[in-house]
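Shown here: entry.pdb, PDB, C-alpha atoms.
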ATOM      1  CA  MET K   1     -16.898  19.115 -22.438
ATOM      2  CA  THR K   2     -14.201  16.538 -21.686
ATOM      3  CA  LEU K   3     -15.098  12.932 -22.502
ATOM      4  CA  VAL K   4     -13.598  10.376 -20.114
ATOM      5  CA  PRO K   5     -12.751   6.889 -21.465
ATOM      6  CA  THR K   6     -13.870   3.799 -19.588
ATOM      7  CA  LEU K   7     -12.104   0.726 -18.267
ATOM      8  CA  PRO K   8     -13.525  -2.810 -18.110
ATOM      9  CA  LEU K   9     -14.561  -4.323 -14.791
ATOM     10  CA  LEU K  10     -14.026  -8.032 -14.210
ATOM     11  CA  ASP K  11     -17.777  -8.664 -13.928
ATOM     12  CA  GLY K  12     -18.417  -7.296 -17.414
ATOM     13  CA  GLY K  13     -19.228  -3.665 -16.590
ATOM     14  CA  THR K  14     -17.161  -0.537 -17.165
ATOM     15  CA  ILE K  15     -15.964   2.391 -15.045
ATOM     16  CA  PRO K  16     -14.720   5.861 -16.072
ATOM     17  CA  ALA K  17     -10.926   6.013 -16.071
ATOM     18  CA  TRP K  18     -10.833   8.994 -13.685
ATOM     19  CA  GLY K  19     -13.372  10.829 -11.600
ATOM     20  CA  LEU K  20     -14.437  13.199  -8.853
ATOM     21  CA  GLY K  21     -13.889  12.569  -5.165
ATOM     22  CA  THR K  22     -16.210  14.333  -2.735
ATOM     23  CA  SER K  23     -14.705  13.853   0.728
ATOM     24  CA  GLY K  24     -14.528  17.028   2.809
ATOM     25  CA  HIS K  25     -17.346  18.860   1.005
ATOM     26  CA  ARG K  26     -20.878  19.086   2.394
ATOM     27  CA  GLY K  27     -24.077  21.059   2.159
ATOM     28  CA  ARG K  28     -25.424  23.410  -0.506
ATOM     29  CA  ASP K  29     -22.019  24.670  -1.576
ATOM     30  CA  ALA K  30     -20.937  21.072  -2.163
ATOM     31  CA  ALA K  31     -24.066  20.329  -4.198
ATOM     32  CA  ARG K  32     -23.317  23.302  -6.459
ATOM     33  CA  LEU K  33     -19.660  22.292  -6.726
ATOM     34  CA  PHE K  34     -20.501  18.702  -7.660
ATOM     35  CA  ALA K  35     -23.237  19.715 -10.117
ATOM     36  CA  GLN K  36     -20.809  21.969 -11.978
ATOM     37  CA  ALA K  37     -18.212  19.195 -12.073
ATOM     38  CA  ILE K  38     -20.790  16.853 -13.609
ATOM     39  CA  ARG K  39     -21.787  19.456 -16.195
ATOM     40  CA  ASP K  40     -18.093  19.905 -17.028
ATOM     41  CA  GLY K  41     -17.809  16.206 -17.819
ATOM     42  CA  HIS K  42     -17.100  14.250 -14.625
ATOM     43  CA  ARG K  43     -18.992  10.978 -14.805
ATOM     44  CA  LEU K  44     -17.481   8.978 -11.928
ATOM     45  CA  ILE K  45     -18.638  10.475  -8.621
ATOM     46  CA  ASP K  46     -17.328   8.930  -5.401
ATOM     47  CA  THR K  47     -19.132   9.460  -2.104
ATOM     48  CA  ALA K  48     -19.671   7.568   1.160
ATOM     49  CA  ALA K  49     -22.051   7.459   4.084
ATOM     50  CA  GLN K  50     -19.172   8.505   6.296
ATOM     51  CA  TYR K  51     -18.556  11.683   4.273
ATOM     52  CA  GLY K  52     -21.937  13.095   5.279
ATOM     53  CA  ASN K  53     -22.539  14.416   1.761
ATOM     54  CA  GLU K  54     -24.622  11.805  -0.036
ATOM     55  CA  ALA K  55     -27.634  14.136   0.018
ATOM     56  CA  ALA K  56     -25.511  16.858  -1.605
ATOM     57  CA  VAL K  57     -24.400  14.391  -4.279
ATOM     58  CA  GLY K  58     -28.040  13.464  -4.875
ATOM     59  CA  VAL K  59     -28.992  17.115  -5.347
ATOM     60  CA  ALA K  60     -26.017  17.596  -7.672
ATOM     61  CA  ILE K  61     -27.066  14.652  -9.834
ATOM     62  CA  LYS K  62     -30.553  16.123 -10.189
ATOM     63  CA  ASP K  63     -29.389  19.711 -10.762
ATOM     64  CA  SER K  64     -26.655  18.803 -13.253
ATOM     65  CA  GLY K  65     -29.124  17.964 -15.995
ATOM     66  CA  ILE K  66     -27.068  14.907 -16.952
ATOM     67  CA  ALA K  67     -28.975  11.649 -17.385
ATOM     68  CA  ARG K  68     -28.574   9.183 -14.534
ATOM     69  CA  GLU K  69     -27.544   6.392 -16.907
ATOM     70  CA  ASP K  70     -24.550   8.460 -18.007
ATOM     71  CA  LEU K  71     -23.144   8.634 -14.475
ATOM     72  CA  PHE K  72     -21.217   6.143 -12.353
ATOM     73  CA  ILE K  73     -22.017   6.698  -8.659
ATOM     74  CA  THR K  74     -19.984   5.008  -5.930
ATOM     75  CA  THR K  75     -20.839   4.877  -2.237
ATOM     76  CA  LYS K  76     -19.473   2.917   0.710
ATOM     77  CA  ILE K  77     -20.665   0.889   3.687
ATOM     78  CA  ALA K  78     -19.517   2.588   6.883
ATOM     79  CA  GLY K  79     -17.905   0.627   9.709
ATOM     80  CA  GLY K  80     -21.002   0.930  11.883
ATOM     81  CA  ASP K  81     -23.147  -0.586   9.133
ATOM     82  CA  GLN K  82     -21.083  -3.718   8.590
ATOM     83  CA  GLY K  83     -22.517  -7.190   9.120
ATOM     84  CA  ASP K  84     -26.261  -7.520   9.593
ATOM     85  CA  ALA K  85     -26.714  -3.747   9.156
ATOM     86  CA  THR K  86     -25.271  -3.743   5.616
ATOM     87  CA  GLU K  87     -28.634  -3.687   3.849
ATOM     88  CA  ARG K  88     -29.913  -0.916   6.089
ATOM     89  CA  GLY K  89     -26.750   1.071   5.445
ATOM     90  CA  LEU K  90     -27.020   0.754   1.672
ATOM     91  CA  ARG K  91     -30.732   1.548   1.643
ATOM     92  CA  GLU K  92     -30.071   4.667   3.726
ATOM     93  CA  SER K  93     -27.371   5.710   1.251
ATOM     94  CA  LEU K  94     -29.815   5.248  -1.607
ATOM     95  CA  ARG K  95     -32.422   7.320   0.248
ATOM     96  CA  ARG K  96     -29.969  10.173   0.787
ATOM     97  CA  LEU K  97     -28.790   9.985  -2.833
ATOM     98  CA  ALA K  98     -32.406   9.791  -4.059
ATOM     99  CA  LEU K  99     -31.452   6.817  -6.227
ATOM    100  CA  ASP K 100     -32.875   3.333  -6.711
ATOM    101  CA  CYS K 101     -29.441   1.827  -7.368
ATOM    102  CA  VAL K 102     -25.805   2.851  -7.199
ATOM    103  CA  ASP K 103     -23.209   1.707  -9.689
ATOM    104  CA  LEU K 104     -20.656   0.561  -7.117
ATOM    105  CA  THR K 105     -20.742  -0.133  -3.386
ATOM    106  CA  LEU K 106     -17.528  -0.575  -1.425
ATOM    107  CA  ILE K 107     -16.751  -1.725   2.105
ATOM    108  CA  HIS K 108     -15.159   1.504   3.328
ATOM    109  CA  TRP K 109     -12.565   0.014   5.716
ATOM    110  CA  PRO K 110     -12.058  -3.630   6.744
ATOM    111  CA  ASN K 111     -12.111  -2.779  10.482
ATOM    112  CA  PRO K 112     -10.584  -6.167  11.377
ATOM    113  CA  SER K 113     -11.230  -5.805  15.120
ATOM    114  CA  ARG K 114     -14.957  -6.246  14.420
ATOM    115  CA  GLY K 115     -14.503  -9.334  12.269
ATOM    116  CA  LEU K 116     -17.457  -8.397  10.067
ATOM    117  CA  TYR K 117     -16.018  -7.635   6.648
ATOM    118  CA  LEU K 118     -16.669 -11.157   5.320
ATOM    119  CA  LYS K 119     -20.287 -11.043   6.501
ATOM    120  CA  THR K 120     -20.562  -7.613   4.903
ATOM    121  CA  TRP K 121     -19.163  -8.964   1.644
ATOM    122  CA  LYS K 122     -21.718 -11.776   1.575
ATOM    123  CA  GLU K 123     -24.475  -9.224   2.173
ATOM    124  CA  LEU K 124     -23.180  -7.055  -0.684
ATOM    125  CA  ILE K 125     -23.252 -10.029  -3.038
ATOM    126  CA  ARG K 126     -26.900 -10.554  -2.110
ATOM    127  CA  LEU K 127     -27.733  -6.848  -2.490
ATOM    128  CA  ARG K 128     -26.018  -6.781  -5.871
ATOM    129  CA  ASP K 129     -28.094  -9.762  -6.969
ATOM    130  CA  GLU K 130     -31.218  -7.949  -5.742
ATOM    131  CA  GLY K 131     -30.383  -4.897  -7.847
ATOM    132  CA  LEU K 132     -29.509  -2.296  -5.217
ATOM    133  CA  THR K 133     -25.970  -1.947  -6.560
ATOM    134  CA  ALA K 134     -24.606  -2.860  -9.962
ATOM    135  CA  HIS K 135     -21.074  -3.725  -8.793
ATOM    136  CA  ILE K 136     -19.338  -4.392  -5.477
ATOM    137  CA  GLY K 137     -15.821  -3.815  -4.241
ATOM    138  CA  VAL K 138     -13.707  -2.825  -1.285
ATOM    139  CA  SER K 139     -11.633   0.075  -0.023
ATOM    140  CA  ASN K 140      -8.395  -0.002   1.959
ATOM    141  CA  PHE K 141      -8.186  -3.818   1.917
ATOM    142  CA  THR K 142      -4.983  -5.858   1.957
ATOM    143  CA  PRO K 143      -4.294  -8.753  -0.446
ATOM    144  CA  GLU K 144      -4.854 -11.211   2.400
ATOM    145  CA  GLN K 145      -8.262  -9.731   3.206
ATOM    146  CA  ILE K 146      -9.308  -9.689  -0.440
ATOM    147  CA  THR K 147      -8.195 -13.299  -0.840
ATOM    148  CA  GLU K 148     -10.247 -14.254   2.205
ATOM    149  CA  LEU K 149     -13.356 -12.754   0.588
ATOM    150  CA  HIS K 150     -12.773 -14.706  -2.610
ATOM    151  CA  GLU K 151     -12.002 -17.991  -0.912
ATOM    152  CA  ALA K 152     -15.233 -17.781   1.091
ATOM    153  CA  THR K 153     -17.545 -16.667  -1.734
ATOM    154  CA  GLY K 154     -15.843 -17.200  -5.104
ATOM    155  CA  VAL K 155     -16.371 -13.484  -5.843
ATOM    156  CA  TRP K 156     -13.496 -11.030  -6.319
ATOM    157  CA  PRO K 157     -14.098  -7.331  -5.680
ATOM    158  CA  VAL K 158     -14.168  -5.449  -8.969
ATOM    159  CA  LEU K 159     -12.147  -2.631  -7.395
ATOM    160  CA  ASN K 160     -10.059  -1.755  -4.332
ATOM    161  CA  GLN K 161      -9.922   1.958  -3.535
ATOM    162  CA  ILE K 162      -6.678   2.742  -1.725
ATOM    163  CA  GLN K 163      -4.540   5.651  -0.572
ATOM    164  CA  LEU K 164      -2.292   6.158  -3.576
ATOM    165  CA  SER K 165      -0.158   8.764  -5.343
ATOM    166  CA  PRO K 166       3.405   8.893  -6.706
ATOM    167  CA  ILE K 167       4.571   9.481  -3.145
ATOM    168  CA  ILE K 168       2.547   6.465  -1.912
ATOM    169  CA  GLY K 169       3.074   4.079  -4.810
ATOM    170  CA  ARG K 170       1.703   0.792  -3.354
ATOM    171  CA  GLU K 171       3.345  -1.169  -6.186
ATOM    172  CA  ALA K 172       2.988  -4.628  -4.609
ATOM    173  CA  LEU K 173      -0.712  -4.092  -3.924
ATOM    174  CA  ARG K 174      -1.254  -2.771  -7.450
ATOM    175  CA  GLU K 175       0.442  -5.878  -8.843
ATOM    176  CA  PHE K 176      -1.851  -8.112  -6.780
ATOM    177  CA  HIS K 177      -4.860  -6.273  -8.196
ATOM    178  CA  ALA K 178      -3.583  -6.665 -11.746
ATOM    179  CA  GLN K 179      -3.075 -10.403 -11.282
ATOM    180  CA  HIS K 180      -6.750 -10.808 -10.343
ATOM    181  CA  GLY K 181      -8.364  -8.283 -12.675
ATOM    182  CA  ILE K 182      -9.183  -5.878  -9.836
ATOM    183  CA  ILE K 183      -9.217  -2.160 -10.668
ATOM    184  CA  THR K 184      -6.917  -0.007  -8.532
ATOM    185  CA  GLU K 185      -8.584   3.269  -7.579
ATOM    186  CA  GLY K 186      -6.612   5.967  -5.776
ATOM    187  CA  TRP K 187      -7.982   8.229  -3.075
ATOM    188  CA  ARG K 188      -6.146  11.461  -2.273
ATOM    189  CA  PRO K 189      -4.188  11.035  -5.529
ATOM    190  CA  LEU K 190      -2.741  14.563  -5.402
ATOM    191  CA  GLY K 191      -0.974  13.879  -2.097
ATOM    192  CA  PRO K 192      -1.904  17.194  -0.420
ATOM    193  CA  VAL K 193      -0.853  16.109   3.060
ATOM    194  CA  GLU K 194       2.467  14.815   1.753
ATOM    195  CA  GLY K 195       3.213  18.006  -0.200
ATOM    196  CA  LEU K 196       3.324  16.161  -3.517
ATOM    197  CA  LEU K 197       2.426  19.076  -5.781
ATOM    198  CA  ASP K 198       5.202  21.206  -4.292
ATOM    199  CA  GLN K 199       7.900  18.710  -5.238
ATOM    200  CA  VAL K 200      10.451  20.299  -7.571
ATOM    201  CA  LEU K 201      10.429  17.190  -9.744
ATOM    202  CA  VAL K 202       6.660  17.396 -10.234
ATOM    203  CA  ARG K 203       6.829  21.093 -11.051
ATOM    204  CA  ASN K 204       9.662  20.553 -13.531
ATOM    205  CA  ILE K 205       7.704  17.882 -15.387
ATOM    206  CA  ALA K 206       4.631  20.144 -15.383
ATOM    207  CA  GLU K 207       6.719  22.849 -17.041
ATOM    208  CA  GLU K 208       8.070  20.377 -19.597
ATOM    209  CA  VAL K 209       4.600  19.277 -20.721
ATOM    210  CA  GLY K 210       2.860  22.619 -20.265
ATOM    211  CA  ARG K 211       0.379  21.350 -17.716
ATOM    212  CA  SER K 212      -0.352  21.927 -14.036
ATOM    213  CA  PRO K 213       1.354  19.800 -11.363
ATOM    214  CA  ALA K 214      -2.040  18.289 -10.519
ATOM    215  CA  GLN K 215      -2.643  17.271 -14.131
ATOM    216  CA  VAL K 216       0.801  15.664 -14.276
ATOM    217  CA  VAL K 217       0.159  13.628 -11.137
ATOM    218  CA  LEU K 218      -3.276  12.502 -12.313
ATOM    219  CA  ARG K 219      -1.874  11.588 -15.720
ATOM    220  CA  TRP K 220       0.804   9.498 -13.983
ATOM    221  CA  ALA K 221      -2.006   7.575 -12.269
ATOM    222  CA  VAL K 222      -3.892   6.953 -15.508
ATOM    223  CA  GLN K 223      -0.765   5.702 -17.282
ATOM    224  CA  ARG K 224      -0.007   3.435 -14.321
ATOM    225  CA  ASP K 225      -3.482   1.834 -14.671
ATOM    226  CA  ILE K 226      -4.861   3.633 -11.613
ATOM    227  CA  VAL K 227      -8.275   5.334 -11.488
ATOM    228  CA  PRO K 228      -7.658   8.618  -9.621
ATOM    229  CA  ILE K 229     -10.463  10.468  -7.841
ATOM    230  CA  ALA K 230      -9.541  14.040  -6.970
ATOM    231  CA  VAL K 231     -11.568  17.013  -5.738
ATOM    232  CA  SER K 232     -11.050  20.715  -5.203
ATOM    233  CA  SER K 233     -13.244  23.403  -3.678
ATOM    234  CA  LYS K 234     -12.617  25.431  -6.847
ATOM    235  CA  PRO K 235     -14.721  24.511  -9.901
ATOM    236  CA  GLN K 236     -11.957  25.466 -12.316
ATOM    237  CA  ARG K 237      -9.571  23.062 -10.599
ATOM    238  CA  ASN K 238     -12.074  20.219 -10.921
ATOM    239  CA  ALA K 239     -12.404  21.037 -14.620
ATOM    240  CA  GLU K 240      -8.609  21.098 -14.914
ATOM    241  CA  ASN K 241      -8.345  17.728 -13.169
ATOM    242  CA  LEU K 242     -10.787  16.361 -15.722
ATOM    243  CA  ALA K 243      -8.736  17.497 -18.720
ATOM    244  CA  ILE K 244      -5.953  14.909 -18.616
ATOM    245  CA  GLY K 245      -6.810  12.781 -21.633
ATOM    246  CA  ASP K 246      -5.052  14.789 -24.326
ATOM    247  CA  PHE K 247      -1.400  14.477 -23.318
ATOM    248  CA  VAL K 248       0.993  11.666 -22.443
ATOM    249  CA  LEU K 249       3.938  11.489 -20.061
ATOM    250  CA  SER K 250       7.133   9.913 -21.383
ATOM    251  CA  ASP K 251       8.632   6.772 -19.896
ATOM    252  CA  ARG K 252      11.362   8.952 -18.377
ATOM    253  CA  GLN K 253       8.826  11.245 -16.737
ATOM    254  CA  LEU K 254       6.847   8.293 -15.397
ATOM    255  CA  MET K 255       9.959   6.740 -13.870
ATOM    256  CA  LEU K 256      10.963  10.055 -12.308
ATOM    257  CA  LEU K 257       7.541  10.280 -10.672
ATOM    258  CA  ASP K 258       7.856   6.654  -9.556
ATOM    259  CA  SER K 259      11.076   7.633  -7.779
ATOM    260  CA  LEU K 260       9.103   9.799  -5.336
ATOM    261  CA  ASP K 261       7.635   6.670  -3.706
ATOM    262  CA  THR K 262       8.267   6.564   0.059
ATOM    263  CA  ALA K 263       6.892   3.014   0.403
ATOM    264  CA  ASP K 264       4.502   2.760   3.356
ATOM    265  CA  ARG K 265       5.731   5.805   5.263
ATOM    266  CA  PHE K 266       2.455   7.727   4.884
ATOM    267  CA  VAL K 267       0.029   4.811   4.530
ATOM    268  CA  TRP K 268      -2.886   4.435   6.932
ATOM    269  CA  ASP K 269      -2.480   0.789   7.915
ATOM    270  CA  PRO K 270      -5.845  -1.003   7.451
ATOM    271  CA  MET K 271      -4.851  -3.530  10.105
ATOM    272  CA  THR K 272      -4.816  -0.806  12.747
ATOM    273  CA  HIS K 273      -6.661   2.208  11.284
ATOM    274  CA  GLU K 274     -10.416   1.757  11.659
ATOM    275  CA  GLU K 275     -13.325   4.058  10.896
ATOM    276  CA  TRP K 276     -16.952   3.855  11.917
TER     277      TRP K 276
END
Starting from the coordinates I provided, produce the structure as structure tokens.
Amino acid sequence: MTLVPTLPLLDGGTIPAWGLGTSGHRGRDAARLFAQAIRDGHRLIDTAAQYGNEAAVGVAIKDSGIAREDLFITTKIAGGDQGDATERGLRESLRRLALDCVDLTLIHWPNPSRGLYLKTWKELIRLRDEGLTAHIGVSNFTPEQITELHEATGVWPVLNQIQLSPIIGREALREFHAQHGIITEGWRPLGPVEGLLDQVLVRNIAEEVGRSPAQVVLRWAVQRDIVPIAVSSKPQRNAENLAIGDFVLSDRQLMLLDSLDTADRFVWDPMTHEEW
């Protein structure tokens, strides 16, 4: 079984350095898929109310046989649950997960047209203090939005989960996170929509190091201080994505992967893209 190292969070906790995404997988098949991934060694499991699979994650946690205290479970507040509905939203997530507390709760999207993300943040601080979530953070937030949260409450998010891969490098945002001790977590880190794994450069590096293109891309993230969360419908791929701790990319290989960055060409703009 692969052991995943941990990274420190700015509030004193820790988070596994890479983990399992769950978006796009639901129902009994998803529960079996997730349970196997946990047995294989995944300890960071990322879900969301909006994914419609929190119940499947809850079943997977139970069926995996792994102790709850050894897992790091993340969920997210959906757009429709922002503001005064934040507590209800989190409690419903806990009910579906069959848990008393999650390790991390994120605001899924800022949804600026509603003007509720600051109210939601204040509610999450309260819910953290009440013990419903150990840590709180955000997802898809800009530096300006994160700064607004801090200026109003004195509390920085421990993590910002963003769309990120070598082809969507987000270097300026990553630098902002680093300056404030915020963990950068990458969703869709394998860039499937952008065709990342089919890039000749990625395949050449994979051949050089004797690993799969997916492992190369995930290792790039880890060495760039990014927590990647990837998922596949195939259990062996999830196990492969887990096994990235026993090789290192060279500085040359990292810079070649950096060169794939297309800036914001493929980014879902959080000022205009909203989800409920």
request  = I would like the residues chosen by the PyMOL selection byres ((chain K and resi 161) around 9) on the shown file; could you give them as a PyMOL selection string?
outcome  = chain K and resi 106+108+137-141+159-160+162-164+183-187+227
task = Fewer than 6 positions away in the same chain doesn't count, so skip those; otherwise give me all residues within 7 Å of K:His42, counting only C-alpha atoms, as number ranges by chain.
result = K: 19-20, 242
Keeping C-alpha atoms, export the residues of the selection given above as an mmCIF file, keeping the file's coordinate frame.
data_model
loop_
_atom_site.group_PDB
_atom_site.id
_atom_site.type_symbol
_atom_site.label_atom_id
_atom_site.label_comp_id
_atom_site.auth_asym_id
_atom_site.auth_seq_id
_atom_site.Cartn_x
_atom_site.Cartn_y
_atom_site.Cartn_z
ATOM 1 C CA GLY K 19 -13.372 10.829 -11.600
ATOM 2 C CA LEU K 20 -14.437 13.199 -8.853
ATOM 3 C CA LEU K 242 -10.787 16.361 -15.722
#
Selection: 10 Å around K:Phe176, only C-alpha atoms, excl. self and same-chain fewer than 6 positions, as a ChimeraX atom specification = /K:142-143,146,182,184
key: Top pick for closest residue to K:Leu9, considering K:Glu130, K:Asp103, K:Asp246, K:Asp269 and counting all atoms listed in the file   =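 Distance minimum relative to K:Leu9 lands on K:Asp103.
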message = Residues near K:Gln82, anyone? I mean within 7 Å using only C-alpha atoms, not counting same-chain ones fewer than 6 positions away, as a PyMOL selection string.
response = chain K and resi 116-117+120
Shell around K:Phe266 at 9 Å using only C-alpha atoms, local window under 4 positions removed, as a ChimeraX atom specification = /K:167-168,194,262
Result set, the PyMOL selection byres ((chain K and resi 33) around 8) on current file, as a ChimeraX atom specification = /K:29-32,34-37,60,233-235
Next, dump the selected residues to file, keeping only C-alpha atoms, as a compact mmCIF listing (two decimals), in the frame of the given file.
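again-v5.txt was written with the following content:
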# COMPACT_ATOMS: atom_id res chain seq x y z
CA ASP K 29 -22.02 24.67 -1.58
CA ALA K 30 -20.94 21.07 -2.16
CA ALA K 31 -24.07 20.33 -4.20
CA ARG K 32 -23.32 23.30 -6.46
CA PHE K 34 -20.50 18.70 -7.66
CA ALA K 35 -23.24 19.72 -10.12
CA GLN K 36 -20.81 21.97 -11.98
CA ALA K 37 -18.21 19.20 -12.07
CA ALA K 60 -26.02 17.60 -7.67
CA SER K 233 -13.24 23.40 -3.68
CA LYS K 234 -12.62 25.43 -6.85
CA PRO K 235 -14.72 24.51 -9.90
Hits from the PyMOL selection byres ((chain K and resi 203) around 12), listed as number ranges by chain = K: 195-202, 204-217, 253, 256-257
